[in-house]
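target28.pdb follows (PDB, C-alpha atoms):
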```pdb
ATOM      1  CA  MET A1092       2.414  15.580  29.797  1.00  0.00           C
ATOM      2  CA  ASN A1093       4.406  12.674  31.011  1.00  0.00           C
ATOM      3  CA  PRO A1094       7.199  11.601  28.526  1.00  0.00           C
ATOM      4  CA  GLU A1095       6.569   7.912  29.235  1.00  0.00           C
ATOM      5  CA  THR A1096       2.926   8.226  28.372  1.00  0.00           C
ATOM      6  CA  GLU A1097       3.807  10.005  25.125  1.00  0.00           C
ATOM      7  CA  ASP A1098       6.299   7.242  24.168  1.00  0.00           C
ATOM      8  CA  GLU A1099       3.796   4.519  24.965  1.00  0.00           C
ATOM      9  CA  ARG A1100       1.173   6.257  22.843  1.00  0.00           C
ATOM     10  CA  ARG A1101       3.584   6.548  19.899  1.00  0.00           C
ATOM     11  CA  THR A1102       4.590   2.899  20.232  1.00  0.00           C
ATOM     12  CA  ARG A1103       0.945   1.827  20.267  1.00  0.00           C
ATOM     13  CA  GLN A1104       0.188   3.959  17.202  1.00  0.00           C
ATOM     14  CA  LEU A1105       3.166   2.508  15.332  1.00  0.00           C
ATOM     15  CA  LYS A1106       2.062  -1.033  16.104  1.00  0.00           C
ATOM     16  CA  GLU A1107      -1.468  -0.258  14.904  1.00  0.00           C
ATOM     17  CA  LEU A1108      -0.104   1.284  11.715  1.00  0.00           C
ATOM     18  CA  GLU A1109       2.139  -1.728  11.103  1.00  0.00           C
ATOM     19  CA  GLY A1110      -0.833  -4.066  11.543  1.00  0.00           C
ATOM     20  CA  LYS A1111      -2.878  -2.029   9.073  1.00  0.00           C
ATOM     21  CA  ASN A1112      -0.008  -2.064   6.561  1.00  0.00           C
ATOM     22  CA  ILE A1113       0.314  -5.846   6.798  1.00  0.00           C
ATOM     23  CA  SER A1114      -3.439  -6.247   6.291  1.00  0.00           C
ATOM     24  CA  HIS A1115      -3.335  -3.859   3.336  1.00  0.00           C
ATOM     25  CA  TYR A1116      -0.487  -5.723   1.655  1.00  0.00           C
ATOM     26  CA  GLY A1117      -2.201  -9.029   2.319  1.00  0.00           C
ATOM     27  CA  VAL A1118      -5.350  -7.859   0.535  1.00  0.00           C
ATOM     28  CA  LEU A1119      -3.265  -6.375  -2.268  1.00  0.00           C
ATOM     29  CA  LEU A1120      -1.390  -9.651  -2.770  1.00  0.00           C
ATOM     30  CA  GLN A1121      -4.639 -11.598  -2.707  1.00  0.00           C
ATOM     31  CA  THR A1122      -6.048  -9.388  -5.478  1.00  0.00           C
ATOM     32  CA  ILE A1123      -2.916  -9.800  -7.596  1.00  0.00           C
ATOM     33  CA  ILE A1124      -2.939 -13.561  -7.103  1.00  0.00           C
ATOM     34  CA  GLN A1125      -6.613 -13.811  -8.053  1.00  0.00           C
ATOM     35  CA  SER A1126      -6.078 -11.834 -11.261  1.00  0.00           C
ATOM     36  CA  GLU A1127      -3.109 -14.053 -12.147  1.00  0.00           C
ATOM     37  CA  LEU A1128      -5.208 -17.158 -11.542  1.00  0.00           C
ATOM     38  CA  ASP A1129      -7.948 -15.773 -13.791  1.00  0.00           C
ATOM     39  CA  SER A1130      -5.453 -15.097 -16.580  1.00  0.00           C
ATOM     40  CA  VAL A1131      -4.076 -18.637 -16.275  1.00  0.00           C
ATOM     41  CA  LYS A1132      -7.607 -20.062 -16.411  1.00  0.00           C
ATOM     42  CA  THR A1133      -8.100 -18.193 -19.674  1.00  0.00           C
ATOM     43  CA  ILE A1134      -4.823 -19.543 -21.065  1.00  0.00           C
ATOM     44  CA  ILE A1135      -5.818 -23.087 -20.087  1.00  0.00           C
ATOM     45  CA  THR A1136      -9.182 -22.698 -21.831  1.00  0.00           C
ATOM     46  CA  LEU A1137      -7.617 -21.292 -24.989  1.00  0.00           C
ATOM     47  CA  SER A1138      -5.009 -24.071 -25.021  1.00  0.00           C
ATOM     48  CA  SER A1139      -7.736 -26.699 -24.873  1.00  0.00           C
ATOM     49  CA  VAL A1140      -9.520 -25.030 -27.767  1.00  0.00           C
ATOM     50  CA  ALA A1141      -6.248 -24.789 -29.705  1.00  0.00           C
ATOM     51  CA  ILE A1142      -5.629 -28.530 -29.356  1.00  0.00           C
ATOM     52  CA  GLY A1143      -9.065 -29.211 -30.828  1.00  0.00           C
ATOM     53  CA  LEU A1144      -8.399 -26.744 -33.609  1.00  0.00           C
ATOM     54  CA  LEU A1145      -5.064 -28.394 -34.424  1.00  0.00           C
ATOM     55  CA  PHE A1146      -6.731 -31.785 -34.665  1.00  0.00           C
ATOM     56  CA  THR A1147      -9.460 -30.352 -36.876  1.00  0.00           C
ATOM     57  CA  VAL A1148      -6.995 -28.651 -39.222  1.00  0.00           C
ATOM     58  CA  GLY A1149      -4.813 -31.763 -39.255  1.00  0.00           C
ATOM     59  CA  LYS A1150      -7.788 -33.918 -40.199  1.00  0.00           C
ATOM     60  CA  PHE A1151      -8.422 -32.001 -43.407  1.00  0.00           C
ATOM     61  CA  GLY A1152      -4.831 -32.089 -44.601  1.00  0.00           C
ATOM     62  CA  GLY A1153      -3.648 -33.271 -47.956  1.00  0.00           C
ATOM     63  CA  SER A1154      -0.595 -35.440 -48.369  1.00  0.00           C
ATOM     64  CA  CYS A1155       1.283 -36.596 -45.303  1.00  0.00           C
ATOM     65  CA  GLU A1156       4.665 -34.986 -45.420  1.00  0.00           C
ATOM     66  CA  VAL A1157       7.304 -35.374 -42.757  1.00  0.00           C
ATOM     67  CA  ILE A1158       7.260 -31.799 -41.502  1.00  0.00           C
ATOM     68  CA  GLY A1159       3.468 -31.546 -41.080  1.00  0.00           C
ATOM     69  CA  PRO A1160       3.143 -34.237 -38.401  1.00  0.00           C
ATOM     70  CA  ILE A1161       6.235 -32.934 -36.615  1.00  0.00           C
ATOM     71  CA  VAL A1162       4.856 -29.389 -36.425  1.00  0.00           C
ATOM     72  CA  PHE A1163       1.474 -30.790 -35.397  1.00  0.00           C
ATOM     73  CA  GLY A1164       3.065 -32.861 -32.625  1.00  0.00           C
ATOM     74  CA  VAL A1165       5.131 -29.947 -31.340  1.00  0.00           C
ATOM     75  CA  GLY A1166       2.038 -27.717 -31.265  1.00  0.00           C
ATOM     76  CA  VAL A1167      -0.032 -30.257 -29.357  1.00  0.00           C
ATOM     77  CA  PHE A1168       2.870 -30.906 -26.981  1.00  0.00           C
ATOM     78  CA  LEU A1169       3.273 -27.201 -26.218  1.00  0.00           C
ATOM     79  CA  PHE A1170      -0.421 -26.771 -25.500  1.00  0.00           C
ATOM     80  CA  ILE A1171      -0.408 -29.845 -23.268  1.00  0.00           C
ATOM     81  CA  VAL A1172       2.570 -28.427 -21.347  1.00  0.00           C
ATOM     82  CA  THR A1173       0.617 -25.181 -20.981  1.00  0.00           C
ATOM     83  CA  ILE A1174      -2.385 -26.998 -19.580  1.00  0.00           C
ATOM     84  CA  VAL A1175      -0.322 -29.167 -17.247  1.00  0.00           C
ATOM     85  CA  SER A1176       1.726 -26.268 -15.894  1.00  0.00           C
ATOM     86  CA  GLY A1177      -1.410 -24.172 -15.578  1.00  0.00           C
ATOM     87  CA  VAL A1178      -3.463 -26.770 -13.767  1.00  0.00           C
ATOM     88  CA  PHE A1179      -0.988 -28.862 -11.800  1.00  0.00           C
ATOM     89  CA  PHE A1180       1.664 -26.395 -10.760  1.00  0.00           C
ATOM     90  CA  LEU A1181      -0.550 -23.349 -10.281  1.00  0.00           C
ATOM     91  CA  ASN A1182      -3.080 -25.264  -8.224  1.00  0.00           C
ATOM     92  CA  GLN A1183      -0.274 -26.308  -5.901  1.00  0.00           C
ATOM     93  CA  ALA A1184       1.034 -22.767  -5.675  1.00  0.00           C
ATOM     94  CA  SER A1185      -2.402 -21.209  -5.149  1.00  0.00           C
ATOM     95  CA  THR A1186      -3.220 -23.708  -2.393  1.00  0.00           C
ATOM     96  CA  ARG A1187      -0.002 -22.761  -0.655  1.00  0.00           C
ATOM     97  CA  TYR A1188      -0.831 -19.091  -1.140  1.00  0.00           C
ATOM     98  CA  GLU A1189      -4.286 -19.400   0.295  1.00  0.00           C
ATOM     99  CA  GLY A1190      -2.978 -20.910   3.504  1.00  0.00           C
ATOM    100  CA  GLU A1191      -0.206 -18.371   3.852  1.00  0.00           C
ATOM    101  CA  LEU A1192      -2.463 -15.461   2.982  1.00  0.00           C
ATOM    102  CA  LYS A1193      -4.894 -16.301   5.765  1.00  0.00           C
ATOM    103  CA  GLY A1194      -2.016 -16.588   8.217  1.00  0.00           C
ATOM    104  CA  ALA A1195      -0.058 -13.469   7.171  1.00  0.00           C
ATOM    105  CA  ARG A1196      -0.177 -11.467  10.371  1.00  0.00           C
ATOM    106  CA  ASP A1197       3.399 -10.232  10.793  1.00  0.00           C
ATOM    107  CA  LYS A1198       6.326  -9.152   8.645  1.00  0.00           C
ATOM    108  CA  ASN A1199       8.043 -12.577   8.527  1.00  0.00           C
ATOM    109  CA  GLU A1200       4.904 -14.306   7.296  1.00  0.00           C
ATOM    110  CA  LEU A1201       4.377 -11.557   4.708  1.00  0.00           C
ATOM    111  CA  ASP A1202       7.957 -12.058   3.475  1.00  0.00           C
ATOM    112  CA  SER A1203       7.249 -15.776   3.167  1.00  0.00           C
ATOM    113  CA  LEU A1204       4.153 -14.962   1.128  1.00  0.00           C
ATOM    114  CA  ILE A1205       6.163 -12.727  -1.201  1.00  0.00           C
ATOM    115  CA  GLU A1206       8.680 -15.554  -1.712  1.00  0.00           C
ATOM    116  CA  ALA A1207       5.839 -17.943  -2.541  1.00  0.00           C
ATOM    117  CA  ARG A1208       4.552 -15.380  -5.042  1.00  0.00           C
ATOM    118  CA  ARG A1209       7.910 -15.464  -6.844  1.00  0.00           C
ATOM    119  CA  LYS A1210       7.629 -19.242  -7.256  1.00  0.00           C
ATOM    120  CA  PHE A1211       4.021 -18.857  -8.382  1.00  0.00           C
ATOM    121  CA  SER A1212       5.184 -16.347 -10.983  1.00  0.00           C
ATOM    122  CA  ILE A1213       7.607 -18.897 -12.478  1.00  0.00           C
ATOM    123  CA  TYR A1214       4.814 -21.404 -13.067  1.00  0.00           C
ATOM    124  CA  ARG A1215       2.601 -18.702 -14.578  1.00  0.00           C
ATOM    125  CA  LYS A1216       5.373 -17.567 -16.922  1.00  0.00           C
ATOM    126  CA  THR A1217       5.969 -21.169 -18.018  1.00  0.00           C
ATOM    127  CA  ALA A1218       2.302 -21.521 -18.942  1.00  0.00           C
ATOM    128  CA  PHE A1219       2.295 -18.206 -20.790  1.00  0.00           C
ATOM    129  CA  ILE A1220       5.533 -18.853 -22.737  1.00  0.00           C
ATOM    130  CA  THR A1221       4.493 -22.329 -23.854  1.00  0.00           C
ATOM    131  CA  PHE A1222       1.083 -20.942 -24.825  1.00  0.00           C
ATOM    132  CA  VAL A1223       2.653 -18.270 -27.038  1.00  0.00           C
ATOM    133  CA  LEU A1224       5.025 -20.820 -28.583  1.00  0.00           C
ATOM    134  CA  GLY A1225       2.072 -23.138 -29.182  1.00  0.00           C
ATOM    135  CA  ILE A1226       0.219 -20.342 -30.961  1.00  0.00           C
ATOM    136  CA  VAL A1227       3.258 -19.694 -33.176  1.00  0.00           C
ATOM    137  CA  VAL A1228       3.629 -23.391 -34.009  1.00  0.00           C
ATOM    138  CA  GLY A1229      -0.127 -23.734 -34.560  1.00  0.00           C
ATOM    139  CA  VAL A1230      -0.114 -20.859 -37.031  1.00  0.00           C
ATOM    140  CA  ALA A1231       2.884 -22.428 -38.781  1.00  0.00           C
ATOM    141  CA  PHE A1232       0.963 -25.698 -39.000  1.00  0.00           C
ATOM    142  CA  GLY A1233      -2.031 -23.897 -40.485  1.00  0.00           C
ATOM    143  CA  VAL A1234       0.206 -22.195 -43.041  1.00  0.00           C
ATOM    144  CA  LEU A1235       1.745 -25.557 -43.963  1.00  0.00           C
ATOM    145  CA  ARG A1236      -1.707 -27.072 -44.462  1.00  0.00           C
ATOM    146  CA  PHE A1237      -2.792 -24.091 -46.546  1.00  0.00           C
ATOM    147  CA  TYR A1238       0.359 -24.396 -48.629  1.00  0.00           C
ATOM    148  CA  GLU A1239      -0.327 -28.123 -49.135  1.00  0.00           C
ATOM    149  CA  LYS A1240      -3.828 -27.330 -50.397  1.00  0.00           C
ATOM    150  CA  LEU A1241      -2.494 -24.818 -52.916  1.00  0.00           C
ATOM    151  CA  PHE A1242       0.126 -27.119 -54.408  1.00  0.00           C
TER
END
```
Write-out of the structure in structure tokens:
Amino acid sequence: MNPETEDERRTRQLKELEGKNISHYGVLLQTIIQSELDSVKTIITLSSVAIGLLFTVGKFGGSCEVIGPIVFGVGVFLFIVTIVSGVFFLNQASTRYEGELKGARDKNELDSLIEARRKFSIYRKTAFITFVLGIVVGVAFGVLRFYEKLF
């Protein structure tokens, strides 16, 4: 066999393998992004329900103390921040992702996509953290209302 022909064949096989790897990672990233978007959609839905629940619990309260409205306001604020970060910021990030994911054909574009994923992750974490804090504050508000009813 001719050594040049063997080297050309190896080079061609390596390029094919690299193309398959980039396609594989692109599909893998797309799956991860879609699952993250689904989890954020769930958080947004639960935050909307939690705001309604806070208003309902606040409506049936007893005396108006100072701490009750403050806890209520903080809870509503946290859930609104969750919704805003989930809808506004993640929609921007996912739109950017979609465009980059369709165009990810070489290593530089894939690296750019991974960097965009890091930014996307920050927005998702913000929504999740404020959601958890909102749940904690909402439970505290419910306990305060329950305590008011007892005494």
**Message:** Could you list, as a PyMOL selection string, every residue matched by the PyMOL selection byres ((chain A and resi 1218) around 12) in this structure?
**Reply:** chain A and resi 1127-1128+1130-1138+1169-1181+1211-1217+1219-1225
Emit the selected residues as a PDB file, keeping the file's coordinate frame, including C-alpha atoms.
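Dumped to part-v8.pdb:
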```pdb
ATOM      1  CA  GLU A1127      -3.109 -14.053 -12.147  1.00  0.00           C
ATOM      2  CA  LEU A1128      -5.208 -17.158 -11.542  1.00  0.00           C
ATOM      3  CA  SER A1130      -5.453 -15.097 -16.580  1.00  0.00           C
ATOM      4  CA  VAL A1131      -4.076 -18.637 -16.275  1.00  0.00           C
ATOM      5  CA  LYS A1132      -7.607 -20.062 -16.411  1.00  0.00           C
ATOM      6  CA  THR A1133      -8.100 -18.193 -19.674  1.00  0.00           C
ATOM      7  CA  ILE A1134      -4.823 -19.543 -21.065  1.00  0.00           C
ATOM      8  CA  ILE A1135      -5.818 -23.087 -20.087  1.00  0.00           C
ATOM      9  CA  THR A1136      -9.182 -22.698 -21.831  1.00  0.00           C
ATOM     10  CA  LEU A1137      -7.617 -21.292 -24.989  1.00  0.00           C
ATOM     11  CA  SER A1138      -5.009 -24.071 -25.021  1.00  0.00           C
ATOM     12  CA  LEU A1169       3.273 -27.201 -26.218  1.00  0.00           C
ATOM     13  CA  PHE A1170      -0.421 -26.771 -25.500  1.00  0.00           C
ATOM     14  CA  ILE A1171      -0.408 -29.845 -23.268  1.00  0.00           C
ATOM     15  CA  VAL A1172       2.570 -28.427 -21.347  1.00  0.00           C
ATOM     16  CA  THR A1173       0.617 -25.181 -20.981  1.00  0.00           C
ATOM     17  CA  ILE A1174      -2.385 -26.998 -19.580  1.00  0.00           C
ATOM     18  CA  VAL A1175      -0.322 -29.167 -17.247  1.00  0.00           C
ATOM     19  CA  SER A1176       1.726 -26.268 -15.894  1.00  0.00           C
ATOM     20  CA  GLY A1177      -1.410 -24.172 -15.578  1.00  0.00           C
ATOM     21  CA  VAL A1178      -3.463 -26.770 -13.767  1.00  0.00           C
ATOM     22  CA  PHE A1179      -0.988 -28.862 -11.800  1.00  0.00           C
ATOM     23  CA  PHE A1180       1.664 -26.395 -10.760  1.00  0.00           C
ATOM     24  CA  LEU A1181      -0.550 -23.349 -10.281  1.00  0.00           C
ATOM     25  CA  PHE A1211       4.021 -18.857  -8.382  1.00  0.00           C
ATOM     26  CA  SER A1212       5.184 -16.347 -10.983  1.00  0.00           C
ATOM     27  CA  ILE A1213       7.607 -18.897 -12.478  1.00  0.00           C
ATOM     28  CA  TYR A1214       4.814 -21.404 -13.067  1.00  0.00           C
ATOM     29  CA  ARG A1215       2.601 -18.702 -14.578  1.00  0.00           C
ATOM     30  CA  LYS A1216       5.373 -17.567 -16.922  1.00  0.00           C
ATOM     31  CA  THR A1217       5.969 -21.169 -18.018  1.00  0.00           C
ATOM     32  CA  PHE A1219       2.295 -18.206 -20.790  1.00  0.00           C
ATOM     33  CA  ILE A1220       5.533 -18.853 -22.737  1.00  0.00           C
ATOM     34  CA  THR A1221       4.493 -22.329 -23.854  1.00  0.00           C
ATOM     35  CA  PHE A1222       1.083 -20.942 -24.825  1.00  0.00           C
ATOM     36  CA  VAL A1223       2.653 -18.270 -27.038  1.00  0.00           C
ATOM     37  CA  LEU A1224       5.025 -20.820 -28.583  1.00  0.00           C
ATOM     38  CA  GLY A1225       2.072 -23.138 -29.182  1.00  0.00           C
TER      39      GLY A1225
END
```
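Between CA of Asp1202 (chain A) and CA of Gln1121 (chain A) there is a distance of 14.0 Å.
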**Request:** Check the smallest atom-to-atom distance from each of A:Ile1205, A:Ile1158, A:Val1167, A:Ala1141 to Leu1119 (chain A) using only C-alpha atoms, then report the winner.
**Result:** A:Ile1205
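With distances taken over all atoms listed in the file, A:Gln1125 is the one residue among A:Ser1139, A:Thr1147, A:Thr1102, A:Gln1125 lying closest to Asn1182 (chain A).
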**Contacts of Leu1144 (chain A) at 10 Å (all atoms listed in the file; same-chain gap of 6+ positions) as a PyMOL selection string** = chain A and resi 1138+1150+1229+1233
**Interatomic distance, CA of Gln1183 (chain A) to CA of Leu1145 (chain A) (Å, one decimal)** =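 Answer for the CA of Gln1183 (chain A) to CA of Leu1145 (chain A) separation: 29.0 Å.
Taking only C-alpha atoms into account, Gly1149 (chain A) lies nearest to A:Glu1239 out of the set A:Asp1129, A:Glu1239, A:Glu1097, A:Glu1206.
With distances restricted to only C-alpha atoms, A:Glu1156 is the closest residue to Tyr1238 (chain A) from A:Tyr1116, A:Glu1099, A:Glu1156, A:Gly1143.
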**Asked** At what distance in Å, to one decimal, does CA of Val1140 (chain A) lie from CA of Ile1124 (chain A)?
**Response**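 If I compute the distance from CA of Ile1124 (chain A) to CA of Val1140 (chain A), I get 24.5 Å.
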**Message:** Calculated over only C-alpha atoms, which of the candidates A:Lys1106, A:Val1230, A:Leu1120, A:Lys1240 has the smallest distance to Arg1209 (chain A)?
**Reply:** A:Leu1120
Name the residues in contact with Phe1232 (chain A) at a cut-off of 8 Å, using only C-alpha atoms, excluding same-chain residues fewer than 4 positions from it; report them as an mmCIF file with C-alpha atoms, keeping the file's coordinate frame.
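And here's result-v8.cif as it stands now:
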```cif
data_model
loop_
_atom_site.group_PDB
_atom_site.id
_atom_site.type_symbol
_atom_site.label_atom_id
_atom_site.label_comp_id
_atom_site.auth_asym_id
_atom_site.auth_seq_id
_atom_site.Cartn_x
_atom_site.Cartn_y
_atom_site.Cartn_z
ATOM 1 C CA GLY A 1159 3.468 -31.546 -41.080
ATOM 2 C CA VAL A 1162 4.856 -29.389 -36.425
ATOM 3 C CA PHE A 1163 1.474 -30.790 -35.397
ATOM 4 C CA VAL A 1228 3.629 -23.391 -34.009
ATOM 5 C CA ARG A 1236 -1.707 -27.072 -44.462
#
```
Draw an axis-aligned box over all listed atoms of region 1157-1170 of chain A, pad each side with 6 Å, and write its centre and edge lengths in Å, one decimal, as lines of an AutoDock Vina configuration file.
```
center_x = 3.4
center_y = -31.1
center_z = -34.1
size_x = 19.7
size_y = 20.6
size_z = 29.3
```
**Pick from A:Ile1226, A:Ser1126, A:Val1234, A:Val1148, whichever lies nearest to Phe1168 (chain A) using only C-alpha atoms** =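 Distance minimum relative to Phe1168 (chain A) lands on A:Ile1226.
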Can I get region 1132-1144 of chain A with N, CA and C atoms filled in, as a tab-separated table (two decimals), in the frame of the given file?
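In the end it all went to selection17.tsv:
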```tsv
chain	number	residue	atom	x	y	z
A	1132	LYS	N	-6.41	-19.30	-16.03
A	1132	LYS	CA	-7.61	-20.06	-16.41
A	1132	LYS	C	-7.98	-19.79	-17.87
A	1133	THR	N	-7.83	-18.55	-18.28
A	1133	THR	CA	-8.10	-18.19	-19.67
A	1133	THR	C	-7.12	-18.88	-20.61
A	1134	ILE	N	-5.85	-18.89	-20.24
A	1134	ILE	CA	-4.82	-19.54	-21.06
A	1134	ILE	C	-5.10	-21.04	-21.16
A	1135	ILE	N	-5.50	-21.65	-20.07
A	1135	ILE	CA	-5.82	-23.09	-20.09
A	1135	ILE	C	-6.99	-23.36	-21.03
A	1136	THR	N	-8.02	-22.53	-20.95
A	1136	THR	CA	-9.18	-22.70	-21.83
A	1136	THR	C	-8.80	-22.55	-23.30
A	1137	LEU	N	-8.04	-21.51	-23.60
A	1137	LEU	CA	-7.62	-21.29	-24.99
A	1137	LEU	C	-6.70	-22.41	-25.49
A	1138	SER	N	-5.87	-22.96	-24.62
A	1138	SER	CA	-5.01	-24.07	-25.02
A	1138	SER	C	-5.83	-25.31	-25.36
A	1139	SER	N	-6.86	-25.56	-24.58
A	1139	SER	CA	-7.74	-26.70	-24.87
A	1139	SER	C	-8.43	-26.52	-26.23
A	1140	VAL	N	-8.89	-25.32	-26.48
A	1140	VAL	CA	-9.52	-25.03	-27.77
A	1140	VAL	C	-8.51	-25.17	-28.90
A	1141	ALA	N	-7.28	-24.72	-28.68
A	1141	ALA	CA	-6.25	-24.79	-29.70
A	1141	ALA	C	-5.90	-26.23	-30.06
A	1142	ILE	N	-5.89	-27.12	-29.07
A	1142	ILE	CA	-5.63	-28.53	-29.36
A	1142	ILE	C	-6.72	-29.08	-30.27
A	1143	GLY	N	-7.97	-28.77	-29.96
A	1143	GLY	CA	-9.06	-29.21	-30.83
A	1143	GLY	C	-8.96	-28.63	-32.22
A	1144	LEU	N	-8.57	-27.39	-32.31
A	1144	LEU	CA	-8.40	-26.74	-33.61
A	1144	LEU	C	-7.27	-27.39	-34.41
```
